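Everything on this sheet refers to the single structure shown next.
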Amino acid sequence: MNKEVFTLTSPDGNTMELPVRTGTAGPDVVEIGRLYAEQGVFTYDPGFVSTGSCDSEITFIDGNEGVLMYRGYPVEQLAKHSNFVEVAHLLLYGELPSADELAGFETSITRHSMLNEGMLRFFNGFRYDAHPMAVVSAVVGSMSAYYHDTMDVNNAEARDVFTHRIIAKLPTIAAAAHKLTAGQPFIYPRNDLNYAENFLRMLFAVPAEEYEIDEVAAKALDLLFILHADHEQNCSTSTVRMAGSSGANPYSAIAAGISALWGPAHGGANEAVLRMLKEIGNAKNIPKYVEKAKDKDDPYRLMGFGHRVYKNFDPRATIIREMCHKVLEKMGRTDSPLFELALELEQVALQDDYFVEKNLYPNVDFYSGIIYRALGIPTSMFTVMFAIGRTVGWVAHWREMITDPHGRISRPRQLYSGPAKRDYVAVEKR
């Protein structure tokens, strides 16, 4: 293979030259669009692990080197110097905003955070014990019934209004979903608070008393939102792109992404970390569970270690680890058996030769679950927290997909392995 063409030879000796495309960074890709038309075969790639599904300018990941960049900016720099709203602008529009642009964007997001009152009444139709992700997915899907002015995906102004509206309202929807299950009144957003502060207040405040926002908690949430904002063509992002490729209204596409994120193999990993810690129960049991994880004949896995994409280390985990320890210290939770257990397990994994050799380092899900628990956020809300941050990435990819002049409706093919052609038999003869 050279940088211009990839020569493919079929079993019968026919050859075909396929063009090779080179991006800014990462592996080259081979264009296979002509393969079926000229050779009569499809490619077969379950899970799309070796398939480039689109051309994107948003996020780059190098799993071997532990690199994550948003629009070319290393996530480490953004986590240190930026904030979530500024990162959102970067992902959506391609550049860091000027001071005036940032102020205007922040104002727009803030002033779009209230929900239509009819939507608030919609919440009351759910059971009191409905899972927050079920509620959030349904409510986001229902937004198409309330905001008709943003349904034209080919209208640039409508796309912008939708963009600001969904990013602004997701925290309000998420907090309302929690209040529903907690049996508490909904709390309206306030325009004098920033994105993370507003969410914390809507989540935890009650009308009977003033709510004091903890700066460490707000900073931790803002940082987690940055780290979760985008992660290239993951399952939920690909779902948003695929749903949106049909021209469906954007609220439906985002609701589809939320549903995909809810899967335990995707956004539910930080919930699994807490369940694992509860199962281990005590620090004295750690060696037993570590040995189970090492045993190739034992299906048990330690949750929150290693990553499908990052084969070296998860750069987001490196960033959030320090914040995790700050939160535990600030919230006075370091004397909790669960958190002591988590810190002890972290140290064992960082020092154990087996984990080090296989690069099974704690990932972002390990630390995010601990932080959410320390902040008093219920386990059922963990994936909702993920969705708040990831919505920015979903919208950025939806905007890129919908404005791509070469875009087509997604339509994967398959390897059929069902019955060969057979004739219908009348029921009395079967």
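How things are named: the first chain in the structure tokens is A, the next is B, and so on; residues count from 1 in each chain; ligands count from 1 in the order shown.
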So that each row is one residue of stretch 382-427 of chain A with an atom at most 9 Å from stretch 133-146 of chain A, can you give its shortest atom pair and the distance in Å to one decimal, using only C-alpha atoms, rows by chain and rising number, as a Markdown table?
```
| residue | atom | partner | partner_atom | distance |
| --- | --- | --- | --- | --- |
| A:Thr383 | CA | A:Met133 | CA | 7.2 |
| A:Val384 | CA | A:Met133 | CA | 6.0 |
| A:Ala387 | CA | A:Met133 | CA | 9.0 |
```
Take the selection from the previous step and output its residues with N, CA, C and O atoms, as a tab-separated table (two decimals), in the first residue's frame.
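selection_3.tsv, freshly written:
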```tsv
chain	number	residue	atom	x	y	z
A	383	THR	N	-25.32	8.44	34.26
A	383	THR	CA	-25.31	8.48	32.81
A	383	THR	C	-25.95	9.76	32.29
A	383	THR	O	-25.57	10.26	31.22
A	384	VAL	N	-26.88	10.32	33.04
A	384	VAL	CA	-27.46	11.60	32.68
A	384	VAL	C	-26.39	12.69	32.71
A	384	VAL	O	-26.34	13.56	31.83
A	387	ALA	N	-24.51	12.51	29.64
A	387	ALA	CA	-25.28	13.03	28.51
A	387	ALA	C	-25.23	14.55	28.44
A	387	ALA	O	-25.20	15.13	27.34
```
I want to know what sits within 12 Å of stretch 317-321 of chain A, based on only C-alpha atoms, with residues of the same chain fewer than 4 positions away left out; could you give that as a compact mmCIF listing (two decimals) with all heavy atoms, in the first residue's frame?
```txt
# COMPACT_ATOMS: atom_id res chain seq x y z
N GLY A 66 -2.29 7.88 23.84
CA GLY A 66 -3.08 8.54 24.87
C GLY A 66 -3.35 10.00 24.56
O GLY A 66 -3.22 10.88 25.42
N VAL A 67 -3.72 10.27 23.30
CA VAL A 67 -3.95 11.65 22.84
C VAL A 67 -5.44 11.87 22.58
O VAL A 67 -6.10 11.03 21.95
CB VAL A 67 -3.16 11.94 21.55
CG1 VAL A 67 -3.55 13.28 20.95
CG2 VAL A 67 -1.67 11.90 21.82
N LEU A 68 -5.96 12.99 23.07
CA LEU A 68 -7.32 13.42 22.78
C LEU A 68 -7.29 14.92 22.50
O LEU A 68 -6.82 15.70 23.34
CB LEU A 68 -8.26 13.14 23.97
CG LEU A 68 -9.69 13.71 23.88
CD1 LEU A 68 -10.43 13.15 22.67
CD2 LEU A 68 -10.46 13.44 25.17
N PRO A 74 -5.11 20.06 22.54
CA PRO A 74 -5.04 18.95 23.50
C PRO A 74 -6.01 19.16 24.64
O PRO A 74 -6.15 20.28 25.17
CB PRO A 74 -3.59 18.99 23.99
CG PRO A 74 -2.83 19.69 22.89
CD PRO A 74 -3.80 20.71 22.34
N VAL A 75 -6.71 18.10 25.03
CA VAL A 75 -7.71 18.23 26.08
C VAL A 75 -7.08 18.66 27.39
O VAL A 75 -7.73 19.31 28.23
CB VAL A 75 -8.48 16.90 26.23
CG1 VAL A 75 -7.62 15.83 26.88
CG2 VAL A 75 -9.78 17.10 27.01
N GLU A 76 -5.79 18.33 27.60
CA GLU A 76 -5.11 18.76 28.83
C GLU A 76 -5.06 20.28 28.93
O GLU A 76 -5.26 20.84 30.02
CB GLU A 76 -3.67 18.20 28.86
CG GLU A 76 -3.58 16.69 28.98
CD GLU A 76 -3.60 16.00 27.63
OE1 GLU A 76 -3.94 16.66 26.61
OE2 GLU A 76 -3.30 14.79 27.58
N GLN A 77 -4.81 20.97 27.80
CA GLN A 77 -4.75 22.43 27.81
C GLN A 77 -6.13 23.04 28.05
O GLN A 77 -6.28 24.01 28.81
CB GLN A 77 -4.18 22.94 26.49
CG GLN A 77 -2.72 22.58 26.26
CD GLN A 77 -2.19 23.18 24.96
OE1 GLN A 77 -2.75 24.15 24.43
NE2 GLN A 77 -1.11 22.60 24.44
N LEU A 78 -7.14 22.47 27.42
CA LEU A 78 -8.49 22.98 27.60
C LEU A 78 -8.96 22.77 29.03
O LEU A 78 -9.61 23.65 29.62
CB LEU A 78 -9.44 22.29 26.62
CG LEU A 78 -9.16 22.55 25.14
CD1 LEU A 78 -10.04 21.67 24.26
CD2 LEU A 78 -9.37 24.03 24.79
N ALA A 79 -8.65 21.61 29.61
CA ALA A 79 -9.06 21.33 30.99
C ALA A 79 -8.40 22.29 31.97
O ALA A 79 -8.99 22.68 32.97
CB ALA A 79 -8.71 19.88 31.34
N LYS A 80 -7.19 22.68 31.67
CA LYS A 80 -6.43 23.55 32.58
C LYS A 80 -6.82 25.02 32.44
O LYS A 80 -6.92 25.74 33.44
CB LYS A 80 -4.94 23.39 32.33
CG LYS A 80 -4.06 24.22 33.25
CD LYS A 80 -2.58 23.95 32.99
CE LYS A 80 -1.70 24.77 33.95
NZ LYS A 80 -0.26 24.52 33.70
N LYS A 219 -16.60 23.34 39.97
CA LYS A 219 -15.40 23.18 39.15
C LYS A 219 -15.24 21.73 38.69
O LYS A 219 -14.88 21.47 37.54
CB LYS A 219 -14.16 23.62 39.93
CG LYS A 219 -12.85 23.46 39.17
CD LYS A 219 -12.80 24.29 37.91
CE LYS A 219 -11.47 24.15 37.19
NZ LYS A 219 -11.45 24.86 35.89
N ALA A 220 -15.52 20.80 39.59
CA ALA A 220 -15.41 19.38 39.24
C ALA A 220 -16.40 19.02 38.12
O ALA A 220 -16.04 18.31 37.17
CB ALA A 220 -15.65 18.51 40.47
N LEU A 221 -17.63 19.50 38.24
CA LEU A 221 -18.63 19.22 37.21
C LEU A 221 -18.23 19.84 35.88
O LEU A 221 -18.36 19.21 34.82
CB LEU A 221 -20.00 19.75 37.62
CG LEU A 221 -20.86 18.89 38.54
CD1 LEU A 221 -22.26 19.44 38.61
CD2 LEU A 221 -20.89 17.45 38.06
N ASP A 222 -17.77 21.09 35.91
CA ASP A 222 -17.35 21.76 34.69
C ASP A 222 -16.24 20.97 34.00
O ASP A 222 -16.24 20.80 32.78
CB ASP A 222 -16.88 23.18 35.01
CG ASP A 222 -16.72 24.04 33.75
OD1 ASP A 222 -17.74 24.54 33.25
OD2 ASP A 222 -15.57 24.18 33.27
N LEU A 223 -15.29 20.48 34.79
CA LEU A 223 -14.19 19.69 34.25
C LEU A 223 -14.69 18.38 33.64
O LEU A 223 -14.27 17.99 32.54
CB LEU A 223 -13.17 19.41 35.35
CG LEU A 223 -11.91 18.63 34.94
CD1 LEU A 223 -11.16 19.37 33.84
CD2 LEU A 223 -11.01 18.41 36.14
N LEU A 224 -15.60 17.71 34.33
CA LEU A 224 -16.15 16.46 33.79
C LEU A 224 -16.93 16.70 32.50
O LEU A 224 -16.86 15.90 31.56
CB LEU A 224 -17.04 15.79 34.83
CG LEU A 224 -16.29 14.99 35.90
CD1 LEU A 224 -17.22 14.63 37.05
CD2 LEU A 224 -15.69 13.72 35.30
N PHE A 225 -17.67 17.81 32.44
CA PHE A 225 -18.38 18.14 31.21
C PHE A 225 -17.40 18.34 30.05
O PHE A 225 -17.66 17.92 28.92
CB PHE A 225 -19.23 19.40 31.40
CG PHE A 225 -20.43 19.22 32.30
CD1 PHE A 225 -20.99 20.32 32.95
CD2 PHE A 225 -20.98 17.98 32.52
CE1 PHE A 225 -22.09 20.16 33.79
CE2 PHE A 225 -22.09 17.81 33.35
CZ PHE A 225 -22.64 18.91 33.98
N ILE A 226 -16.26 18.99 30.31
CA ILE A 226 -15.24 19.18 29.28
C ILE A 226 -14.72 17.82 28.79
O ILE A 226 -14.62 17.56 27.60
CB ILE A 226 -14.07 20.04 29.80
CG1 ILE A 226 -14.51 21.49 30.01
CG2 ILE A 226 -12.88 19.98 28.84
CD1 ILE A 226 -13.45 22.37 30.67
N LEU A 227 -14.37 16.96 29.74
CA LEU A 227 -13.77 15.67 29.39
C LEU A 227 -14.74 14.74 28.69
O LEU A 227 -14.34 13.85 27.94
CB LEU A 227 -13.22 15.00 30.65
CG LEU A 227 -12.13 15.77 31.39
CD1 LEU A 227 -11.65 14.99 32.60
CD2 LEU A 227 -10.95 16.09 30.47
N HIS A 228 -16.05 14.94 28.92
CA HIS A 228 -17.07 14.09 28.28
C HIS A 228 -17.66 14.72 27.02
O HIS A 228 -18.51 14.12 26.38
CB HIS A 228 -18.21 13.82 29.26
CG HIS A 228 -17.88 12.78 30.28
ND1 HIS A 228 -18.30 12.87 31.60
CD2 HIS A 228 -17.19 11.63 30.20
CE1 HIS A 228 -17.87 11.81 32.27
NE2 HIS A 228 -17.20 11.04 31.44
N GLY A 304 -13.90 0.04 35.17
CA GLY A 304 -13.21 1.32 35.30
C GLY A 304 -11.72 1.25 35.04
O GLY A 304 -11.00 2.21 35.32
N PHE A 305 -11.26 0.11 34.48
CA PHE A 305 -9.83 -0.04 34.20
C PHE A 305 -9.64 -0.39 32.72
O PHE A 305 -10.34 -1.25 32.18
CB PHE A 305 -9.22 -1.13 35.08
CG PHE A 305 -9.20 -0.77 36.53
CD1 PHE A 305 -10.30 -1.05 37.34
CD2 PHE A 305 -8.11 -0.14 37.09
CE1 PHE A 305 -10.30 -0.70 38.68
CE2 PHE A 305 -8.10 0.20 38.43
CZ PHE A 305 -9.20 -0.07 39.22
N GLY A 306 -8.69 0.27 32.09
CA GLY A 306 -8.46 0.05 30.67
C GLY A 306 -9.52 0.74 29.82
O GLY A 306 -10.49 1.32 30.33
N HIS A 307 -9.34 0.73 28.50
CA HIS A 307 -10.27 1.38 27.60
C HIS A 307 -10.16 0.75 26.22
O HIS A 307 -9.06 0.36 25.80
CB HIS A 307 -9.98 2.89 27.51
CG HIS A 307 -11.07 3.69 26.89
ND1 HIS A 307 -11.21 3.82 25.52
CD2 HIS A 307 -12.09 4.40 27.44
CE1 HIS A 307 -12.26 4.59 25.26
NE2 HIS A 307 -12.81 4.95 26.39
N TYR A 310 -8.10 3.58 24.17
CA TYR A 310 -6.79 3.94 24.71
C TYR A 310 -6.03 2.69 25.12
O TYR A 310 -6.39 2.01 26.08
CB TYR A 310 -6.94 4.88 25.91
CG TYR A 310 -7.59 6.19 25.55
CD1 TYR A 310 -8.87 6.51 26.00
CD2 TYR A 310 -6.94 7.11 24.74
CE1 TYR A 310 -9.47 7.71 25.67
CE2 TYR A 310 -7.53 8.31 24.39
CZ TYR A 310 -8.79 8.60 24.85
OH TYR A 310 -9.38 9.78 24.52
N ASN A 312 -2.77 2.77 25.89
CA ASN A 312 -1.69 3.17 26.79
C ASN A 312 -2.31 3.68 28.08
O ASN A 312 -2.38 3.02 29.09
CB ASN A 312 -0.82 4.23 26.12
CG ASN A 312 0.43 4.54 26.90
OD1 ASN A 312 0.55 4.19 28.06
ND2 ASN A 312 1.38 5.19 26.26
N PHE A 313 -2.85 4.91 28.06
CA PHE A 313 -3.57 5.45 29.21
C PHE A 313 -4.65 6.38 28.71
O PHE A 313 -4.59 6.87 27.58
CB PHE A 313 -2.60 6.20 30.15
CG PHE A 313 -1.98 7.43 29.52
CD1 PHE A 313 -2.56 8.69 29.68
CD2 PHE A 313 -0.82 7.33 28.78
CE1 PHE A 313 -1.99 9.81 29.10
CE2 PHE A 313 -0.24 8.46 28.20
CZ PHE A 313 -0.83 9.70 28.36
N HIS A 325 -9.42 13.55 43.95
CA HIS A 325 -8.86 13.62 45.30
C HIS A 325 -9.23 14.95 45.98
O HIS A 325 -9.47 14.99 47.20
CB HIS A 325 -7.35 13.44 45.25
CG HIS A 325 -6.94 12.02 44.94
ND1 HIS A 325 -6.53 11.13 45.89
CD2 HIS A 325 -6.93 11.32 43.76
CE1 HIS A 325 -6.25 9.97 45.33
NE2 HIS A 325 -6.49 10.06 44.04
N LYS A 326 -9.28 16.05 45.22
CA LYS A 326 -9.69 17.33 45.77
C LYS A 326 -11.14 17.28 46.27
O LYS A 326 -11.46 17.81 47.34
CB LYS A 326 -9.56 18.43 44.72
CG LYS A 326 -8.14 18.89 44.45
CD LYS A 326 -8.15 20.02 43.42
CE LYS A 326 -6.73 20.51 43.14
NZ LYS A 326 -6.72 21.58 42.10
N VAL A 327 -11.99 16.67 45.47
CA VAL A 327 -13.41 16.59 45.84
C VAL A 327 -13.58 15.75 47.10
O VAL A 327 -14.31 16.14 48.03
CB VAL A 327 -14.23 15.99 44.69
CG1 VAL A 327 -15.64 15.63 45.15
CG2 VAL A 327 -14.30 16.97 43.52
N LEU A 328 -12.90 14.63 47.17
CA LEU A 328 -13.02 13.78 48.36
C LEU A 328 -12.53 14.51 49.60
O LEU A 328 -13.14 14.40 50.68
CB LEU A 328 -12.22 12.49 48.17
CG LEU A 328 -12.76 11.51 47.12
CD1 LEU A 328 -11.86 10.27 47.05
CD2 LEU A 328 -14.18 11.09 47.43
N ALA A 342 -12.04 2.60 47.13
CA ALA A 342 -11.71 3.03 45.76
C ALA A 342 -10.25 3.48 45.67
O ALA A 342 -9.54 3.12 44.71
CB ALA A 342 -12.63 4.17 45.34
N LEU A 343 -9.79 4.25 46.64
CA LEU A 343 -8.42 4.74 46.62
C LEU A 343 -7.42 3.59 46.79
O LEU A 343 -6.34 3.59 46.19
CB LEU A 343 -8.22 5.79 47.72
CG LEU A 343 -9.07 7.06 47.57
CD1 LEU A 343 -8.83 8.00 48.73
CD2 LEU A 343 -8.78 7.75 46.25
N GLU A 346 -7.30 1.71 43.52
CA GLU A 346 -6.53 2.51 42.56
C GLU A 346 -5.03 2.26 42.73
O GLU A 346 -4.30 2.02 41.77
CB GLU A 346 -6.83 3.99 42.77
CG GLU A 346 -5.97 4.93 41.93
CD GLU A 346 -6.01 6.35 42.45
OE1 GLU A 346 -5.84 6.57 43.67
OE2 GLU A 346 -6.18 7.26 41.62
N LEU A 360 -3.75 -1.54 32.05
CA LEU A 360 -5.09 -1.47 32.64
C LEU A 360 -5.11 -0.41 33.74
O LEU A 360 -5.28 -0.70 34.92
CB LEU A 360 -5.50 -2.84 33.18
CG LEU A 360 -5.64 -3.94 32.13
CD1 LEU A 360 -5.94 -5.28 32.78
CD2 LEU A 360 -6.73 -3.58 31.13
N TYR A 361 -4.94 0.83 33.31
CA TYR A 361 -4.96 1.94 34.26
C TYR A 361 -6.40 2.37 34.53
O TYR A 361 -7.29 2.17 33.71
CB TYR A 361 -4.16 3.11 33.71
CG TYR A 361 -2.71 2.81 33.46
CD1 TYR A 361 -2.21 2.65 32.17
CD2 TYR A 361 -1.81 2.68 34.53
CE1 TYR A 361 -0.88 2.37 31.93
CE2 TYR A 361 -0.47 2.39 34.31
CZ TYR A 361 -0.01 2.24 33.02
OH TYR A 361 1.31 1.95 32.80
N PRO A 362 -6.64 3.00 35.69
CA PRO A 362 -7.98 3.55 35.93
C PRO A 362 -8.36 4.52 34.81
O PRO A 362 -7.54 5.37 34.42
CB PRO A 362 -7.84 4.26 37.28
CG PRO A 362 -6.67 3.59 37.95
CD PRO A 362 -5.74 3.23 36.84
N ASN A 363 -9.57 4.41 34.30
CA ASN A 363 -10.00 5.31 33.23
C ASN A 363 -10.93 6.39 33.78
O ASN A 363 -11.18 6.47 34.99
CB ASN A 363 -10.66 4.52 32.09
CG ASN A 363 -11.88 3.73 32.55
OD1 ASN A 363 -12.64 4.17 33.41
ND2 ASN A 363 -12.07 2.55 31.97
N VAL A 364 -11.45 7.22 32.91
CA VAL A 364 -12.25 8.37 33.35
C VAL A 364 -13.51 7.92 34.08
O VAL A 364 -14.00 8.60 34.99
CB VAL A 364 -12.60 9.28 32.15
CG1 VAL A 364 -13.57 8.60 31.20
CG2 VAL A 364 -13.12 10.63 32.60
N ASP A 365 -14.05 6.75 33.72
CA ASP A 365 -15.26 6.27 34.38
C ASP A 365 -15.01 5.91 35.84
O ASP A 365 -15.89 6.06 36.69
CB ASP A 365 -15.82 5.05 33.64
CG ASP A 365 -16.24 5.37 32.22
OD1 ASP A 365 -16.99 6.35 32.06
OD2 ASP A 365 -15.84 4.67 31.29
N PHE A 366 -13.82 5.41 36.14
CA PHE A 366 -13.47 5.07 37.51
C PHE A 366 -13.57 6.30 38.40
O PHE A 366 -14.19 6.29 39.47
CB PHE A 366 -12.06 4.48 37.56
CG PHE A 366 -11.62 4.05 38.94
CD1 PHE A 366 -12.01 2.83 39.47
CD2 PHE A 366 -10.81 4.87 39.72
CE1 PHE A 366 -11.60 2.43 40.74
CE2 PHE A 366 -10.40 4.49 40.99
CZ PHE A 366 -10.81 3.26 41.50
N TYR A 367 -12.97 7.39 37.95
CA TYR A 367 -12.93 8.60 38.77
C TYR A 367 -14.24 9.39 38.73
O TYR A 367 -14.64 9.98 39.74
CB TYR A 367 -11.77 9.49 38.33
CG TYR A 367 -10.42 8.86 38.58
CD1 TYR A 367 -9.61 8.46 37.53
CD2 TYR A 367 -9.95 8.65 39.88
CE1 TYR A 367 -8.37 7.87 37.75
CE2 TYR A 367 -8.71 8.06 40.11
CZ TYR A 367 -7.94 7.68 39.04
OH TYR A 367 -6.72 7.09 39.28
N SER A 368 -14.90 9.41 37.58
CA SER A 368 -16.14 10.21 37.49
C SER A 368 -17.21 9.64 38.41
O SER A 368 -17.94 10.40 39.07
CB SER A 368 -16.64 10.26 36.05
OG SER A 368 -17.01 8.98 35.58
N GLY A 369 -17.32 8.31 38.48
CA GLY A 369 -18.32 7.72 39.38
C GLY A 369 -18.06 8.07 40.83
O GLY A 369 -18.99 8.35 41.60
N ILE A 370 -16.79 8.07 41.22
CA ILE A 370 -16.43 8.41 42.60
C ILE A 370 -16.77 9.87 42.88
O ILE A 370 -17.29 10.21 43.95
CB ILE A 370 -14.93 8.13 42.85
CG1 ILE A 370 -14.66 6.64 42.70
CG2 ILE A 370 -14.51 8.62 44.22
CD1 ILE A 370 -13.19 6.28 42.71
N ILE A 371 -16.46 10.76 41.93
CA ILE A 371 -16.76 12.18 42.11
C ILE A 371 -18.27 12.40 42.24
O ILE A 371 -18.74 13.11 43.15
CB ILE A 371 -16.20 13.01 40.95
CG1 ILE A 371 -14.67 13.05 41.01
CG2 ILE A 371 -16.75 14.44 40.96
CD1 ILE A 371 -14.02 13.74 39.83
```
Could you jot down the atom CA of A:Met385 to atom CA of A:Asn234 separation for me, Å, one decimal place?
-> 17.1 Å
Residue nearest A:Gly104 among A:His164, A:Ser259, A:Leu200, A:Glu117 (counting only C-alpha atoms) = A:His164
From stretch 56-248 of chain A, collect each residue whose DSSP state is alpha helix (DSSP H) and return the set as a ChimeraX atom specification.
-> /A:75-81,84-93,99-111,117-123,132-142,156-182,195-204,215-228,235-244
